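Trainee: Have a look at this one before I ask anything.
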Amino acid sequence: MWKPPQRIAFLPQRGSVPTKEQASASRLFSQLVAGPVALSSRTWVPAMVPWRADNDGHATQAVIDWYARFAKGQPGCIVIEATGIRDVPSGPLLRAGHDRFTEGLKRIADAIHESSQGKTKAYIQLIDYLAVKRRPEKTRFLQRFLQITSHHREVLAMRDDAEDAVRDRLCGLDESALQQVLSEREWESLQKGARERVTDTGLQHIRELPAVLPELFAHAARRARDAGFDGVELHYAHAYTMASFLSARNNRSDGYGGNASGRIRLPLEVFSAVRRATGADFPVGCRLLADECIEGGSSVDDAVFYCVELARAGMDFLSLSRGGKFDDAKQPKVGEAIYPYTGVSGYECMPHYLSDTKGPFGRNFEATRKVRSALRAAGLETPIVVAGGIHNFDQAEAALANGLADIVGSARQSLADPNWWRKIRDGQADAVHLCEYKNYCEGLDQKHKQVTCQLWDRVGLSDSGIERTRDGKRRLTAPVDW
Ligand SMILES: Cc1cc2nc3c(=O)[nH]c(=O)nc-3n(C[C@H](O)[C@H](O)[C@H](O)COP(=O)(O)O)c2cc1C
Ligand code: SF4
C-alpha cells in the first residue's frame, strides 16, 4: 500500500471509558428511527469482504460464523460484504444473482439476528463490477492477447506482413520503442492488466449497462429481502461500476455521463428499480464517495450534488467512504490483478497508522460534514454514515455531537474486536482490543486470502473446535472471550 512520505506514526487511543450509565445516555447508543431505518443504536459495521464464500458464490458455514461473531458485539447494523448481483463466476465472493443463492443468504441474516439477540439489523451490500484481468507476461500479451491493428502496422511499416511477423517484431522491441507503437490503453493493459471501463461504449455490454443494471440490482435486492435481510446498501463507492458512472472522469455521451446530471442518472434509475422491487417499507441506501481522491475525479462538491439528488429521490441512508480507485493503483506483479487500495486514493480509503500530519483517524470527517450540512440545508433528513479510523467512544460520540453524521461506522476496529461496541456500552471500554491500523487484514484481502486480524488469528490456535484458514495457520474468527 502507498504511504504518505512523512510516515508519522499515529497510535490508536483508548479515549475515555464511559460507565454503563453514561454509555446508555450517549447519542451513540441511542436508537435511530428514520423512515424504514430503525436501529437499536447508531453503531454500524461497514461491509468487509472476508473471502469465505465457496467458489460458486454460496454462503459457507465460515461466512455465517464470521457474521455471527460480529453480531455478538450487537452493533445497530452489520452490512454484509459486497455481494455480486450477476450470475457469473466470481470465485469466493458472495453472490445474489439467482434465486438459488437466497437460502444461503437467509442463513447469514438469521445468524446475525440470532447471535445479536435481535439487536442488530442485517443489511447487505450489492455490487456490480467490470472485468479486470491479471497483469500479463509480456510475450504472452504480444503473441496472444493484443489485437493487431492497422495502427501497429503503420508505425512498424508492416502494412502487408503476416500477423505473426508483426507480433514477432513487437516482441523484439525494447520497452520505450514498444510504448511508442502501442496505444495508451494497450500499454496500460500490458503494464497493469486489461481493465474495462464504463466509458468503453464501443463494447456492446458496456454500452448497454444502463439498460441491464437496474433490473439486475432490483432482482438481487428482492432476493435479499426474501432472504430476511433488513435492508440493502447499493455499492456506489470505490472502484466499481456504479462509482465509475458517478466519477467526474465519466465522459459517456449517451446521457449517462458528461456532466453531474448525466453521471447521477443511472444511480437514480437503479435506485428506483430497487425501490419498486422491494417496497417503500424496506430500507434502501447506498455507499458512495465523499471524494474520489484522484486527479480529475469527483470532489466533495460532486458528492454534495449526488447526495442531495439521491436523498430527494428517497434513499433511506447514505454511507460515505472515500477513494479506493483503480486509476492511481500501483502496478501489480505479473500474474496478479490490480488492487484499488494501493495508491493515494487507496490510502484515503483505508489509511495506515503511518500517515501525514492529518493522520489516519477521521480523514473523511470534513467531507462528510459538508455533505450532511448541505442535505440539512436542503431540508433533507436522510441519515448519514461516517467511517474511517474510528476506534473509540470519544471519536464516535463527537462525530454525532458535532453534526458530522447520524451513524458511526467502524470496519477495522470491529474486525480487531468484534465485541467492542458492546464492551463500551457495558462500561468496559478499557477491555477493548484496539486496532493498530497496520493493515494486515487489507494485505490478506489484496491476496484474496481469508481475511483475519493480526491481533487474534494466532490466539488459542490449539483450542478444540477452532476453525482455521485453509493452510491451518490462522483462526477464522476472534476468540469467544476476546
Ligand atoms: C478486509 C476489508 C474488506 C473490505 N471490503 C469492503 C467491501 O466489501 N465494501 C466496502 O464498501 N468497503 C470495504 N472495505 C472498506 C471498509 O468498509 C471501510 O470503508 C474502510 O476499512 C475504512 O474504515 P475503517 O477505518 O473503519 O476500517 C473493506 C475493508 C477491509 C479492511
Ligand atoms: S489486522 Fe486487525 S489490528 Fe491490523 S489493521 Fe486489520 S483489523 Fe486492525
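We name chains A, B, ... following the order of the C-alpha cells; residues begin at 1 in each chain, and ligands are numbered from 1 as shown.
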Run DSSP on the backbone and give me the residues of segment 186-242 of chain A it puts in strand (DSSP E), as a list of chain:residue names.

Mentor: A:Gly231, A:Val232, A:Glu233, A:Leu234, A:His235, A:Tyr236

Trainee: Would you output that residue set with N, CA and C atoms, as a short mmCIF file (atom, residue, chain, number, x, y, z; two decimals), in the first residue's frame?

Mentor:
data_model
loop_
_atom_site.label_atom_id
_atom_site.label_comp_id
_atom_site.auth_asym_id
_atom_site.auth_seq_id
_atom_site.Cartn_x
_atom_site.Cartn_y
_atom_site.Cartn_z
N GLY A 231 -32.32 -4.65 5.03
CA GLY A 231 -32.09 -3.51 4.15
C GLY A 231 -31.00 -3.82 3.15
N VAL A 232 -30.88 -2.98 2.14
CA VAL A 232 -29.77 -3.15 1.19
C VAL A 232 -29.00 -1.84 1.06
N GLU A 233 -27.70 -2.02 0.82
CA GLU A 233 -26.83 -0.88 0.55
C GLU A 233 -26.30 -1.07 -0.88
N LEU A 234 -26.65 -0.17 -1.76
CA LEU A 234 -26.18 -0.26 -3.14
C LEU A 234 -24.74 0.24 -3.15
N HIS A 235 -23.86 -0.54 -3.74
CA HIS A 235 -22.44 -0.16 -3.72
C HIS A 235 -22.16 0.82 -4.86
N TYR A 236 -22.15 2.10 -4.51
CA TYR A 236 -21.85 3.17 -5.47
C TYR A 236 -20.47 3.76 -5.16
#

Trainee: Listing only residues of chain A within 6 Å of ligand 2, what is the closest atom pair and its distance in Å (to one decimal) for each, using only C-alpha atoms and all ligand atoms, sorted by chain and residue number ascending, as CSV?

Mentor:
residue,atom,partner,partner_atom_place_in_ligand_line,distance
A:Arg412,CA,ligand 2,7 (S),4.1
A:Gln413,CA,ligand 2,7 (S),5.6
A:Leu415,CA,ligand 2,7 (S),4.8
A:Ala416,CA,ligand 2,7 (S),4.2
A:Cys435,CA,ligand 2,8 (Fe),3.8
A:Glu436,CA,ligand 2,3 (S),4.4
A:Tyr437,CA,ligand 2,5 (S),3.7
A:Lys438,CA,ligand 2,5 (S),4.6
A:Asn439,CA,ligand 2,5 (S),3.8
A:Tyr440,CA,ligand 2,1 (S),4.3
A:Cys441,CA,ligand 2,6 (Fe),4.2
A:Cys453,CA,ligand 2,1 (S),3.8
A:Gln454,CA,ligand 2,1 (S),4.4
A:Leu455,CA,ligand 2,3 (S),5.6

Trainee: Please return, as a PyMOL selection string, all residues of segment 232-420 of chain A that DSSP assigns to helix (DSSP H, G or I) on the basis of the backbone.

Mentor: chain A and resi 241-246+260-278+300-312+344-349+365-377+393-401+412-416+420

Trainee: Any idea what's packed within 10 Å of Glu188 of chain A, counting only C-alpha atoms, ignoring anything in its chain fewer than 5 positions away? Could you give it as a VMD selection string?

Mentor: chain A and resid 135 179 182 to 183 193 to 195 331

Trainee: For Cys293 of chain A, work out the shell of residues within 9 Å, counting only C-alpha atoms and skipping chain neighbours fewer than 6 positions away, then give it as a PDB file with N, CA and C atoms, in the first residue's frame.

Mentor:
ATOM      1  N   SER A 299     -15.210  15.418  -6.665  1.00  0.00           N
ATOM      2  CA  SER A 299     -14.783  16.048  -5.414  1.00  0.00           C
ATOM      3  C   SER A 299     -15.952  16.040  -4.437  1.00  0.00           C
ATOM      4  N   ARG A 322     -14.343   7.129   1.017  1.00  0.00           N
ATOM      5  CA  ARG A 322     -13.531   7.982   0.135  1.00  0.00           C
ATOM      6  C   ARG A 322     -12.466   7.138  -0.573  1.00  0.00           C
ATOM      7  N   GLY A 323     -12.108   7.567  -1.781  1.00  0.00           N
ATOM      8  CA  GLY A 323     -11.001   6.940  -2.505  1.00  0.00           C
ATOM      9  C   GLY A 323     -11.255   5.504  -2.927  1.00  0.00           C
ATOM     10  N   GLY A 324     -10.145   4.733  -2.960  1.00  0.00           N
ATOM     11  CA  GLY A 324     -10.250   3.316  -3.310  1.00  0.00           C
ATOM     12  C   GLY A 324     -10.436   3.085  -4.801  1.00  0.00           C
ATOM     13  N   LYS A 325      -9.607   3.731  -5.621  1.00  0.00           N
ATOM     14  CA  LYS A 325      -9.811   3.694  -7.080  1.00  0.00           C
ATOM     15  C   LYS A 325      -8.702   2.893  -7.781  1.00  0.00           C
ATOM     16  N   VAL A 344      -2.672   6.519  -3.750  1.00  0.00           N
ATOM     17  CA  VAL A 344      -3.056   7.586  -2.816  1.00  0.00           C
ATOM     18  C   VAL A 344      -4.547   7.454  -2.453  1.00  0.00           C
ATOM     19  N   SER A 345      -5.378   7.198  -3.467  1.00  0.00           N
ATOM     20  CA  SER A 345      -6.819   7.097  -3.174  1.00  0.00           C
ATOM     21  C   SER A 345      -7.103   5.879  -2.292  1.00  0.00           C
ATOM     22  N   GLY A 346      -6.308   4.822  -2.461  1.00  0.00           N
ATOM     23  CA  GLY A 346      -6.465   3.634  -1.614  1.00  0.00           C
ATOM     24  C   GLY A 346      -6.119   3.963  -0.178  1.00  0.00           C
ATOM     25  N   GLU A 348      -6.454   6.852   1.203  1.00  0.00           N
ATOM     26  CA  GLU A 348      -7.553   7.663   1.756  1.00  0.00           C
ATOM     27  C   GLU A 348      -8.706   6.775   2.214  1.00  0.00           C
TER      28      GLU A 348
END
